[in-house]
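Visitor: File name model.txt; file contents compact mmCIF, C-alpha atoms; full text below.
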```
# COMPACT_ATOMS: atom_id res chain seq x y z
CA ASN A 1 -7.35 -60.89 152.41
CA ASP A 2 -9.60 -59.24 149.89
CA VAL A 3 -11.87 -61.38 147.76
CA THR A 4 -12.50 -60.51 144.13
CA LEU A 5 -16.08 -61.00 143.00
CA LYS A 6 -17.72 -60.64 139.62
CA MET A 7 -21.36 -61.65 139.67
CA ASN A 8 -24.55 -61.18 137.66
CA ILE A 9 -27.94 -62.27 139.00
CA ASN A 10 -31.20 -62.21 137.05
CA ASN A 11 -34.56 -62.99 138.65
CA ALA A 12 -37.18 -63.45 135.95
CA SER A 13 -40.12 -63.63 138.37
CA THR A 14 -39.42 -60.12 139.74
CA GLY A 15 -37.78 -58.64 136.66
CA SER A 16 -34.72 -57.82 138.77
CA LYS A 17 -31.02 -57.68 137.89
CA LEU A 18 -27.98 -57.34 140.16
CA SER A 19 -24.40 -56.88 139.01
CA ILE A 20 -21.32 -56.75 141.29
CA ASP A 21 -17.78 -56.26 140.08
CA GLY A 22 -15.08 -55.58 142.70
CA THR A 23 -13.29 -56.69 145.83
CA PHE A 24 -14.55 -57.42 149.35
CA GLY A 25 -12.65 -57.49 152.64
CA PRO A 26 -11.16 -55.02 155.18
CA LYS A 27 -10.60 -52.77 152.19
CA ALA A 28 -12.91 -53.03 149.22
CA LYS A 29 -13.61 -51.30 145.96
CA GLY A 30 -15.94 -51.98 143.09
CA ASN A 31 -19.16 -51.28 141.26
CA VAL A 32 -22.74 -52.32 141.94
CA THR A 33 -25.75 -52.04 139.63
CA PHE A 34 -29.33 -52.98 140.56
CA ASP A 35 -32.49 -52.80 138.47
CA THR A 36 -36.02 -54.01 139.25
CA LYS A 37 -39.40 -53.52 137.62
CA GLY A 38 -41.11 -53.16 141.00
CA LEU A 39 -40.24 -53.09 144.69
CA TYR A 40 -43.18 -55.22 145.82
CA ASP A 41 -42.00 -58.55 144.38
CA ILE A 42 -38.31 -58.11 145.14
CA VAL A 43 -38.97 -57.23 148.80
CA SER A 44 -41.22 -60.29 149.09
CA VAL A 45 -38.49 -62.53 147.65
CA ILE A 46 -35.72 -61.16 149.89
CA PHE A 47 -37.63 -60.94 153.18
CA GLY A 48 -40.30 -63.56 152.65
CA GLU A 49 -43.06 -60.97 153.03
CA ASN A 50 -43.72 -57.44 151.89
CA LYS A 51 -44.64 -54.81 154.44
CA PHE A 52 -44.21 -51.96 151.97
CA PRO A 53 -47.42 -50.11 151.03
CA ASN A 54 -48.38 -50.71 147.40
CA ILE A 55 -47.91 -47.02 146.67
CA TYR A 56 -44.14 -47.58 146.62
CA ASP A 57 -44.33 -50.43 144.09
CA GLU A 58 -42.42 -48.60 141.35
CA PRO A 59 -39.44 -49.53 139.17
CA LEU A 60 -36.08 -48.81 140.83
CA TYR A 61 -32.60 -48.51 139.37
CA PHE A 62 -29.34 -47.56 141.04
CA SER A 63 -25.63 -47.94 140.47
CA PHE A 64 -22.59 -46.77 142.43
CA GLN A 65 -18.88 -47.17 143.00
CA TYR A 66 -18.01 -48.32 146.50
CA ASP A 67 -14.82 -47.68 148.46
CA HIS A 68 -14.67 -49.25 151.92
CA ASN A 69 -12.17 -49.27 154.78
CA LYS A 70 -12.49 -49.74 158.54
CA GLU A 71 -13.36 -46.05 159.09
CA ILE A 72 -15.78 -45.17 156.30
CA THR A 73 -17.67 -46.56 153.33
CA LYS A 74 -18.13 -44.26 150.37
CA PHE A 75 -20.64 -44.66 147.56
CA ASP A 76 -19.57 -42.36 144.71
CA ASN A 77 -21.33 -41.69 141.42
CA PHE A 78 -24.53 -42.95 143.04
CA THR A 79 -27.02 -42.79 140.18
CA THR A 80 -30.65 -43.64 140.80
CA LYS A 81 -34.04 -43.62 139.11
CA TYR A 82 -37.29 -44.39 140.90
CA GLY A 83 -40.67 -44.44 139.22
CA LYS A 84 -41.26 -41.99 136.39
CA GLN A 85 -40.57 -38.70 138.18
CA THR A 86 -37.45 -39.22 140.31
CA ALA A 87 -33.91 -39.44 138.92
CA GLY A 88 -30.51 -38.03 139.83
CA SER A 89 -27.08 -38.72 141.23
CA GLY A 90 -25.02 -38.04 144.33
CA VAL A 91 -22.73 -39.42 147.01
CA VAL A 92 -23.37 -41.38 150.19
CA ASN A 93 -20.92 -41.77 153.10
CA ILE A 94 -21.43 -44.25 155.96
CA SER A 95 -19.31 -44.49 159.12
CA LYS A 96 -19.67 -46.15 162.52
CA ALA A 97 -18.84 -44.64 165.91
CA GLU A 98 -21.28 -44.80 168.81
CA LYS A 99 -23.97 -44.72 166.14
CA TRP A 100 -24.17 -45.30 162.45
CA ASN A 101 -23.63 -42.01 160.62
CA ILE A 102 -25.10 -41.63 157.14
CA ASP A 103 -24.61 -38.54 154.96
CA ALA A 104 -26.13 -38.29 151.50
CA ASP A 105 -26.12 -35.45 148.96
CA PHE A 106 -28.03 -35.67 145.68
CA ASP A 107 -28.54 -33.40 142.68
CA MET A 108 -31.73 -34.54 141.02
CA LEU A 109 -32.70 -34.10 137.40
CA GLN A 110 -36.27 -34.62 138.54
CA PHE A 111 -37.91 -35.39 141.86
CA ASP A 112 -41.44 -36.27 142.95
CA LEU A 113 -42.31 -34.46 146.19
CA GLY A 114 -45.21 -36.86 146.58
CA LEU A 115 -42.65 -39.42 147.76
CA ILE A 116 -41.87 -37.25 150.81
CA GLU A 117 -45.59 -36.68 151.41
CA ASN A 118 -46.32 -40.43 151.31
CA ILE A 119 -43.47 -41.22 153.72
CA ALA A 120 -44.79 -38.54 156.11
CA LYS A 121 -48.27 -40.11 156.01
CA ASN A 122 -46.81 -43.56 156.72
CA ILE A 123 -44.89 -42.17 159.71
CA VAL A 124 -48.11 -40.67 161.11
CA ASN A 125 -50.01 -43.94 160.64
CA ALA A 126 -47.19 -45.96 162.23
CA SER A 127 -47.17 -43.56 165.19
CA LYS A 128 -50.77 -44.50 165.97
CA SER A 129 -49.68 -48.02 166.90
CA GLU A 130 -49.26 -48.92 170.57
CA GLU A 131 -45.90 -50.41 169.65
CA ASN A 132 -43.02 -47.96 169.23
CA LYS A 133 -41.96 -48.78 165.68
CA PHE A 134 -39.18 -46.18 165.66
CA GLU A 135 -37.05 -47.48 168.53
CA GLY A 136 -34.43 -48.75 166.08
CA LEU A 137 -33.85 -45.25 164.71
CA LYS A 138 -31.85 -44.36 167.83
CA LYS A 139 -28.93 -46.29 166.34
CA TYR A 140 -28.57 -43.82 163.48
CA ASN A 141 -27.63 -40.25 162.74
CA ALA A 142 -28.40 -39.26 159.17
CA ASN A 143 -28.41 -36.24 156.88
CA LEU A 144 -30.01 -36.10 153.45
CA ASN A 145 -29.66 -33.10 151.14
CA ILE A 146 -31.52 -32.91 147.84
CA LYS A 147 -31.49 -30.21 145.17
CA ALA A 148 -33.65 -30.22 142.06
CA ASN A 149 -34.28 -27.36 139.64
CA HIS A 150 -37.34 -29.22 138.35
CA ALA A 151 -39.68 -31.42 140.34
CA THR A 152 -43.30 -32.51 140.44
CA TYR A 153 -45.98 -32.45 143.14
CA ARG A 154 -49.52 -33.78 142.73
CA GLY A 155 -48.99 -33.80 138.98
CA ALA A 156 -47.89 -30.16 138.80
CA ASP A 157 -44.46 -28.84 137.86
CA VAL A 158 -42.49 -27.17 140.66
CA GLN A 159 -39.09 -25.46 140.65
CA LYS A 160 -36.06 -24.72 142.76
CA LEU A 161 -36.44 -27.53 145.29
CA ILE A 162 -33.96 -27.55 148.16
CA LEU A 163 -34.55 -30.17 150.85
CA GLY A 164 -32.41 -30.86 153.89
CA LEU A 165 -33.47 -33.63 156.30
CA GLY A 166 -31.75 -34.93 159.42
CA LEU A 167 -32.28 -37.86 161.77
CA ASN A 168 -31.00 -37.66 165.35
CA ASP A 169 -32.21 -39.43 168.52
CA SER A 170 -35.43 -40.61 166.84
CA ALA A 171 -36.27 -37.08 165.70
CA ILE A 172 -36.63 -36.06 162.06
CA ASN A 173 -35.38 -32.53 161.49
CA VAL A 174 -36.44 -30.55 158.46
CA ASN A 175 -33.39 -28.33 158.32
CA ARG A 176 -34.59 -26.70 155.16
CA LEU A 177 -37.39 -27.05 152.65
CA SER A 178 -37.64 -24.43 149.94
CA VAL A 179 -39.67 -24.80 146.76
CA VAL A 180 -41.62 -22.76 144.21
CA LEU A 181 -45.09 -24.22 143.65
CA PRO A 182 -47.92 -23.30 141.23
CA GLY A 183 -49.27 -19.78 141.51
CA ASP A 184 -45.66 -18.56 141.63
CA THR A 185 -45.79 -19.57 145.29
CA SER A 186 -42.57 -19.73 147.28
CA VAL A 187 -42.81 -22.02 150.31
CA LYS A 188 -40.13 -22.28 153.00
CA LEU A 189 -40.33 -24.63 155.97
CA THR A 190 -38.22 -25.78 158.91
CA GLY A 191 -39.12 -27.90 161.90
CA LYS A 192 -38.92 -31.12 163.83
CA ALA A 193 -40.95 -34.30 164.33
CA ASP A 194 -40.09 -36.29 167.45
CA LEU A 195 -40.73 -40.04 167.14
CA SER A 196 -39.20 -41.12 170.47
CA SER A 197 -42.59 -41.95 171.99
CA LYS A 198 -45.81 -40.69 170.42
CA LEU A 199 -45.47 -38.37 167.47
CA ASN A 200 -45.23 -34.65 168.27
CA TYR A 201 -44.06 -31.94 165.93
CA ILE A 202 -43.48 -28.24 165.37
CA PHE A 203 -42.92 -26.58 161.99
CA ASN A 204 -42.43 -22.97 160.96
CA SER A 205 -43.33 -21.93 157.44
CA SER A 206 -43.60 -18.88 155.23
CA VAL A 207 -45.66 -18.66 152.05
CA GLU A 208 -45.31 -15.93 149.45
CA SER A 209 -47.72 -16.26 146.55
CA LYS A 210 -48.72 -14.22 143.51
CA ASP A 211 -51.85 -16.36 142.98
CA LEU A 212 -53.03 -18.00 146.20
CA ARG A 213 -56.13 -19.44 144.54
CA VAL A 214 -54.02 -21.40 142.02
CA PHE A 215 -51.79 -22.63 144.86
CA ALA A 216 -54.78 -23.81 146.93
CA SER A 217 -56.23 -25.64 143.91
CA LEU A 218 -53.19 -27.94 144.10
CA PHE A 219 -54.86 -29.43 147.22
CA GLY A 220 -58.35 -29.56 145.67
CA VAL A 221 -59.52 -26.33 147.35
CA ASP A 222 -61.27 -23.50 145.49
CA LEU A 223 -60.88 -20.47 147.74
CA ALA A 224 -63.29 -18.47 145.58
CA LYS A 225 -65.97 -21.16 145.50
CA ASN A 226 -68.59 -18.99 147.24
CA ALA A 227 -67.52 -15.67 145.68
CA PRO A 228 -69.59 -13.68 143.17
CA LYS A 229 -68.72 -14.46 139.55
CA ASN A 230 -67.51 -10.94 138.85
CA SER A 231 -64.81 -11.12 141.56
CA LYS A 232 -63.66 -14.78 141.40
CA ASN A 233 -60.65 -13.98 139.22
CA SER A 234 -59.54 -10.90 141.16
CA ILE A 235 -59.43 -12.23 144.75
CA PHE A 236 -57.02 -14.50 146.61
CA LYS A 237 -54.09 -13.24 144.53
CA ASN A 238 -51.04 -11.83 146.34
CA ALA A 239 -50.35 -13.34 149.74
CA ASN A 240 -47.62 -13.32 152.37
CA ILE A 241 -48.22 -15.70 155.28
CA ASP A 242 -46.07 -16.67 158.26
CA MET A 243 -47.30 -19.63 160.29
CA GLU A 244 -46.38 -22.19 162.93
CA LEU A 245 -47.89 -25.67 162.96
CA SER A 246 -47.52 -27.80 166.08
CA GLY A 247 -49.27 -30.73 167.69
CA ASP A 248 -49.43 -34.47 168.15
CA LEU A 249 -51.84 -37.30 167.30
CA GLU A 250 -54.62 -35.76 169.40
CA SER A 251 -54.38 -32.04 168.72
CA ILE A 252 -53.19 -29.57 166.10
CA LYS A 253 -52.49 -25.87 166.50
CA LEU A 254 -51.97 -23.45 163.61
CA SER A 255 -50.69 -20.02 164.65
CA ILE A 256 -50.55 -17.18 162.15
CA PRO A 257 -48.73 -14.22 163.71
CA GLN A 258 -49.03 -12.19 160.53
CA ALA A 259 -50.45 -12.57 157.06
CA ILE A 260 -51.49 -10.38 154.17
CA ILE A 261 -54.00 -11.70 151.64
CA ASP A 262 -54.97 -9.29 148.89
CA ALA A 263 -55.28 -6.02 150.88
CA THR A 264 -56.24 -7.59 154.23
CA ASN A 265 -53.93 -7.98 157.22
CA LEU A 266 -54.69 -11.14 159.20
CA SER A 267 -53.56 -12.88 162.37
CA GLY A 268 -54.93 -15.58 164.62
CA ASN A 269 -54.92 -19.17 165.84
CA ILE A 270 -56.78 -22.30 164.82
CA GLY A 271 -56.84 -25.35 167.07
CA PHE A 272 -58.10 -28.86 166.38
CA VAL A 273 -58.80 -31.43 169.08
CA LEU A 274 -59.15 -34.85 167.45
CA ASN A 275 -61.56 -37.35 168.95
CA GLU A 276 -63.14 -40.54 167.60
CA GLU A 277 -66.63 -39.39 168.60
CA LYS A 278 -66.31 -35.72 167.64
CA ASN A 279 -63.62 -33.25 166.58
CA PHE A 280 -63.39 -29.78 168.09
CA VAL A 281 -62.31 -26.67 166.19
CA LEU A 282 -61.28 -23.49 168.00
CA VAL A 283 -60.77 -20.29 165.98
CA GLN A 284 -59.48 -16.88 167.00
CA ALA A 285 -58.90 -14.46 164.13
CA ASN A 286 -58.30 -10.75 163.53
CA ALA A 287 -58.56 -8.87 160.23
CA SER A 288 -57.83 -5.27 159.31
CA LYS A 289 -60.50 -4.88 156.66
CA LEU A 290 -62.71 -7.19 154.68
CA SER A 291 -65.30 -6.74 151.94
CA PHE A 292 -67.78 -9.58 152.30
CA ASP A 293 -69.35 -8.44 149.02
CA LYS A 294 -66.16 -9.41 147.10
CA TYR A 295 -65.57 -12.78 148.75
CA LEU A 296 -69.07 -14.14 149.44
CA ASN A 297 -72.07 -14.57 147.17
CA LEU A 298 -74.52 -12.96 149.57
CA SER A 299 -77.79 -13.56 147.77
CA LEU A 300 -79.45 -15.63 145.11
CA ASN A 301 -80.99 -12.52 143.55
CA LYS A 302 -80.56 -8.76 143.89
CA LYS A 303 -84.01 -8.25 145.42
CA SER A 304 -83.41 -10.48 148.42
CA SER A 305 -83.88 -8.86 151.81
CA LEU A 306 -80.99 -8.39 154.24
CA LYS A 307 -82.47 -11.17 156.41
CA ASP A 308 -82.59 -13.59 153.46
CA LYS A 309 -79.00 -12.69 152.54
CA ILE A 310 -77.77 -13.45 156.05
CA ILE A 311 -79.64 -16.78 156.18
CA HIS A 312 -78.35 -17.66 152.71
CA GLN A 313 -74.79 -16.94 153.81
CA ILE A 314 -75.15 -18.98 157.02
CA ASN A 315 -76.28 -21.96 154.96
CA LEU A 316 -73.24 -21.72 152.67
CA ALA A 317 -70.96 -22.60 155.59
CA PRO A 318 -70.08 -26.32 156.03
CA TRP A 319 -71.94 -26.80 159.32
CA LYS A 320 -72.57 -30.50 158.83
CA GLY A 321 -69.94 -32.92 160.04
CA ASN A 322 -68.49 -34.66 163.04
CA PHE A 323 -67.13 -31.51 164.65
CA GLU A 324 -67.96 -28.74 167.08
CA THR A 325 -66.75 -25.19 166.46
CA GLU A 326 -66.11 -22.18 168.66
CA ALA A 327 -64.93 -18.99 166.97
CA LYS A 328 -64.05 -15.44 167.94
CA ILE A 329 -63.52 -13.13 164.98
CA SER A 330 -62.72 -9.42 165.00
CA ILE A 331 -62.64 -7.22 161.88
CA SER A 332 -61.58 -3.57 162.12
CA ASN A 333 -63.42 -2.42 158.97
CA ALA A 334 -65.90 -4.39 156.91
CA ILE A 335 -68.32 -3.96 154.04
CA TYR A 336 -71.47 -6.06 153.94
CA ASN A 337 -74.24 -5.59 151.39
CA ASP A 338 -72.58 -2.29 150.30
CA VAL A 339 -72.82 -1.02 153.88
CA ALA A 340 -69.64 -0.02 155.76
CA ILE A 341 -69.06 -1.32 159.30
CA GLU A 342 -66.39 0.35 161.43
CA LYS A 343 -65.81 -2.66 163.69
CA LEU A 344 -67.27 -6.15 163.68
CA ASP A 345 -66.90 -8.68 166.51
CA VAL A 346 -68.44 -12.15 166.25
CA ASN A 347 -68.38 -14.95 168.82
CA PHE A 348 -70.27 -18.14 167.94
CA THR A 349 -70.36 -21.89 168.51
CA ASN A 350 -71.72 -24.64 166.31
CA ASN A 351 -72.74 -28.11 167.46
CA ASP A 352 -75.06 -30.70 165.94
CA ASN A 353 -76.54 -28.32 163.34
CA LYS A 354 -77.20 -25.75 166.07
CA LEU A 355 -75.62 -22.30 165.78
CA LEU A 356 -75.30 -20.21 168.95
CA VAL A 357 -74.28 -16.61 168.31
CA LYS A 358 -72.93 -15.52 171.69
CA GLU A 359 -72.20 -12.06 170.40
CA PHE A 360 -72.56 -10.20 167.12
CA LEU A 361 -71.46 -6.61 167.58
CA ALA A 362 -71.35 -4.21 164.62
CA GLN A 363 -70.34 -0.59 165.25
CA ASN A 364 -71.59 2.24 163.05
CA LEU A 365 -73.58 -0.03 160.75
CA ALA A 366 -75.60 2.45 158.67
CA GLY A 367 -75.09 4.97 161.48
CA ALA A 368 -76.06 2.64 164.32
CA ASP A 369 -74.44 0.13 166.65
CA ILE A 370 -76.00 -3.32 166.55
CA LYS A 371 -75.65 -6.13 169.05
CA VAL A 372 -77.27 -9.52 168.41
CA ILE A 373 -77.42 -12.74 170.41
CA ALA A 374 -79.08 -15.66 168.65
CA ASP A 375 -79.75 -19.37 169.03
CA ILE A 376 -80.42 -20.97 165.64
CA ASP A 377 -81.58 -24.56 165.17
CA ASN A 378 -81.54 -26.70 162.04
CA VAL A 379 -78.65 -25.07 160.26
CA TYR A 380 -78.33 -26.96 156.99
```
What would the structure in this file look like if it were written as structure tokens?

Guide:
Amino acid sequence: NDVTLKMNINNASTGSKLSIDGTFGPKAKGNVTFDTKGLYDIVSVIFGENKFPNIYDEPLYFSFQYDHNKEITKFDNFTTKYGKQTAGSGVVNISKAEKWNIDADFDMLQFDLGLIENIAKNIVNASKSEENKFEGLKKYNANLNIKANHATYRGADVQKLILGLGLNDSAINVNRLSVVLPGDTSVKLTGKADLSSKLNYIFNSSVESKDLRVFASLFGVDLAKNAPKNSKNSIFKNANIDMELSGDLESIKLSIPQAIIDATNLSGNIGFVLNEEKNFVLVQANASKLSFDKYLNLSLNKKSSLKDKIIHQINLAPWKGNFETEAKISISNAIYNDVAIEKLDVNFTNNDNKLLVKEFLAQNLAGADIKVIADIDNVY
């Protein structure tokens, strides 16, 4: 037999309220409303301890109509608000077969993408534990779809968010992520993160931007930091980039099969091997044409010699740090110090403030071919 319940609970210490009005039993219908000023205190009260990171300690409100039978539980008119930047409504369906199946669809009035970023960081940190903290996920299949015309990310306004996530066999699938970020930058991403043992992942992404410098500033990066003042505002504008990011907790590989930034065609691979003692960076890159004069501030004054300009430029690079670099770079056409170079090939390594130029080959540089091999100490 169904049981009718009408209940209101107020917890002054946590600033939380719970209201239930409906029936419970083999078949059940009703309404639930929950409101709390912060997750930290309420989780501590319910579970006796709080394992949530403080970053999630935000006010939470939700209400829904429930309709339950032996086959499926439906949560309709599911309205929620979390923090200051996330609010919307949707439906949630839960059923049980061999696994629990959860399907949720939400249209959001506003959504903070930082929430997804924080969850991703927590998953990475949890994956570093010797204990497999994701074993329990094998009991669930889940799909979450979110749409939001307006959202926020790192304090900036973003538009046209479409996010589709899936959970299956301890793997998180990004079925679709599409969003327009600052710089009129359209980002699309799909991929998979496998949590069955140690974290490993593969993601494919495309970026189309009308102002790449503005987009990069969202992450605290000034792409034109070392550019001459007269070209800072005219470079790193239009960009089309296709990339694949893959790896695990010990290595990362970024493959760029094709990219166009300003008027330069690019391709290549960047690999990172992560180690407690030292990180290793491997770079292989190709470019169609590149004017160093536009992108790099080559000298402190116009009268500097070519030697001083090269040394000055070497010292602008971030050589210091707990990493070792090996790079192979090929540029079909380049301009350096107003001098055209038909082809430039550079192969160098950097380790402990020591720069080893294995090969520097410039063809038709001021009418001559130049090949340089150098071993430079005390790069600073």

Visitor: Compile the contact shell of Leu18 (chain A) as a PyMOL selection string: residues with an atom at most 9 Å away, counting all atoms listed in the file, same-chain residues fewer than 6 positions apart removed.

Guide: chain A and resi 7-11+32-36

Visitor: Near Ser267 (chain A), counting only C-alpha atoms, which residues have an atom at most 10 Å away, once you skip same-chain residues fewer than 6 positions from it, shown as an NGL selection string?

Guide: :A and (241-243 or 255-260 or 284-288)

Visitor: With distances taken over all atoms listed in the file, which residue among A:Ser197, A:Asn351, A:Asn240, A:Asn54 lies nearest Lys210 (chain A)?

Guide: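 Counting all atoms listed in the file, the residue closest to Lys210 (chain A) is A:Asn240.
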
Visitor: Give the answer as one residue: which of A:Thr152, A:Ser251, A:Thr264, A:Ser209 has the shortest atom-to-atom distance to Asn238 (chain A), using only C-alpha atoms?

Guide: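 Residue with the minimum atom-to-atom distance to Asn238 (chain A): A:Ser209.
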
Visitor: Can you work out which one of A:Asn149, A:Ser129, A:Asn204, A:Gln65 has the shortest atom-to-atom distance to Val180 (chain A), counting all atoms listed in the file?

Guide: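 Residue with the minimum atom-to-atom distance to Val180 (chain A): A:Asn149.
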
Visitor: Which residues, written as a ChimeraX atom specification, have at least one atom at most 12 Å from Ser234 (chain A), with all atoms listed in the file counted and residues fewer than 2 positions away on the same chain left out?

Guide: /A:210-214,223-224,227-232,236-238,261-263,294-295

Visitor: Point out the residue among A:Gly247, A:Gly271, A:Pro182, A:Gly191 with the least atom-to-atom distance to Ala216 (chain A), counting all atoms listed in the file.

Guide: A:Pro182

Visitor: Near region 103-108 of chain A, counting all atoms listed in the file, which residues have an atom at most 8 Å away, once you skip same-chain residues fewer than 5 positions from it, shown as a VMD selection string?

Guide: chain A and resid 86 to 94 142 to 149

Visitor: If you measure from CA of Gly15 (chain A) to CA of Thr73 (chain A), what distance in Å do you get, rounded to one decimal?

Guide: 28.8 Å

Visitor: With region 161-169 of chain A as the partner and 7 Å as the cut-off, tabulate the residues of region 174-210 of chain A that qualify, each row holding the nearest pair of atoms and their distance in Å to one decimal, using only C-alpha atoms, sorted by chain and rising number, as JSON lines.

Guide:
```
{"residue": "A:Val174", "atom": "CA", "partner": "A:Leu165", "partner_atom": "CA", "distance": 4.8}
{"residue": "A:Asn175", "atom": "CA", "partner": "A:Gly164", "partner_atom": "CA", "distance": 5.2}
{"residue": "A:Arg176", "atom": "CA", "partner": "A:Gly164", "partner_atom": "CA", "distance": 4.9}
{"residue": "A:Leu177", "atom": "CA", "partner": "A:Leu163", "partner_atom": "CA", "distance": 4.6}
{"residue": "A:Ser178", "atom": "CA", "partner": "A:Ile162", "partner_atom": "CA", "distance": 5.1}
{"residue": "A:Val179", "atom": "CA", "partner": "A:Leu161", "partner_atom": "CA", "distance": 4.5}
```

Visitor: If I take CA of Val124 (chain A) and CA of Tyr201 (chain A), how far is one from the other in Å, to one decimal?

Guide: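 Between CA of Val124 (chain A) and CA of Tyr201 (chain A) the gap is 10.8 Å.
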
Visitor: What would the list of residues within 7 Å of (-38.0, -44.1, 167.8) (file frame) look like as a list in words, if all atoms listed in the file are what count?

Guide: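 Those residues, ordered by chain and then number, are Asn132, Lys133, Phe134, Glu135, Gly136, Leu137, Lys138, Ser170, Leu195, Ser196 and Ser197 of chain A.
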
Visitor: Would you list the contacts of Ile72 (chain A) as an MDAnalysis selection string, taking every protein, DNA or RNA residue within 12 Å and counting all atoms listed in the file, but skipping same-chain residues closer than 3 positions in sequence?

Guide: chainID A and resid 26:28 66:69 75 92:97 100:103

Visitor: If I take CA of Ser291 (chain A) and CA of Asn347 (chain A), how far is one from the other in Å, to one decimal?

Guide: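 Computed distance, CA of Ser291 (chain A) to CA of Asn347 (chain A), equals 19.0 Å.
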
Visitor: Please determine, counting all atoms listed in the file, which residue among A:Ser19, A:Asn31, A:Glu250, A:Lys192 has the shortest atom-to-atom distance to Lys128 (chain A).

Guide: A:Glu250
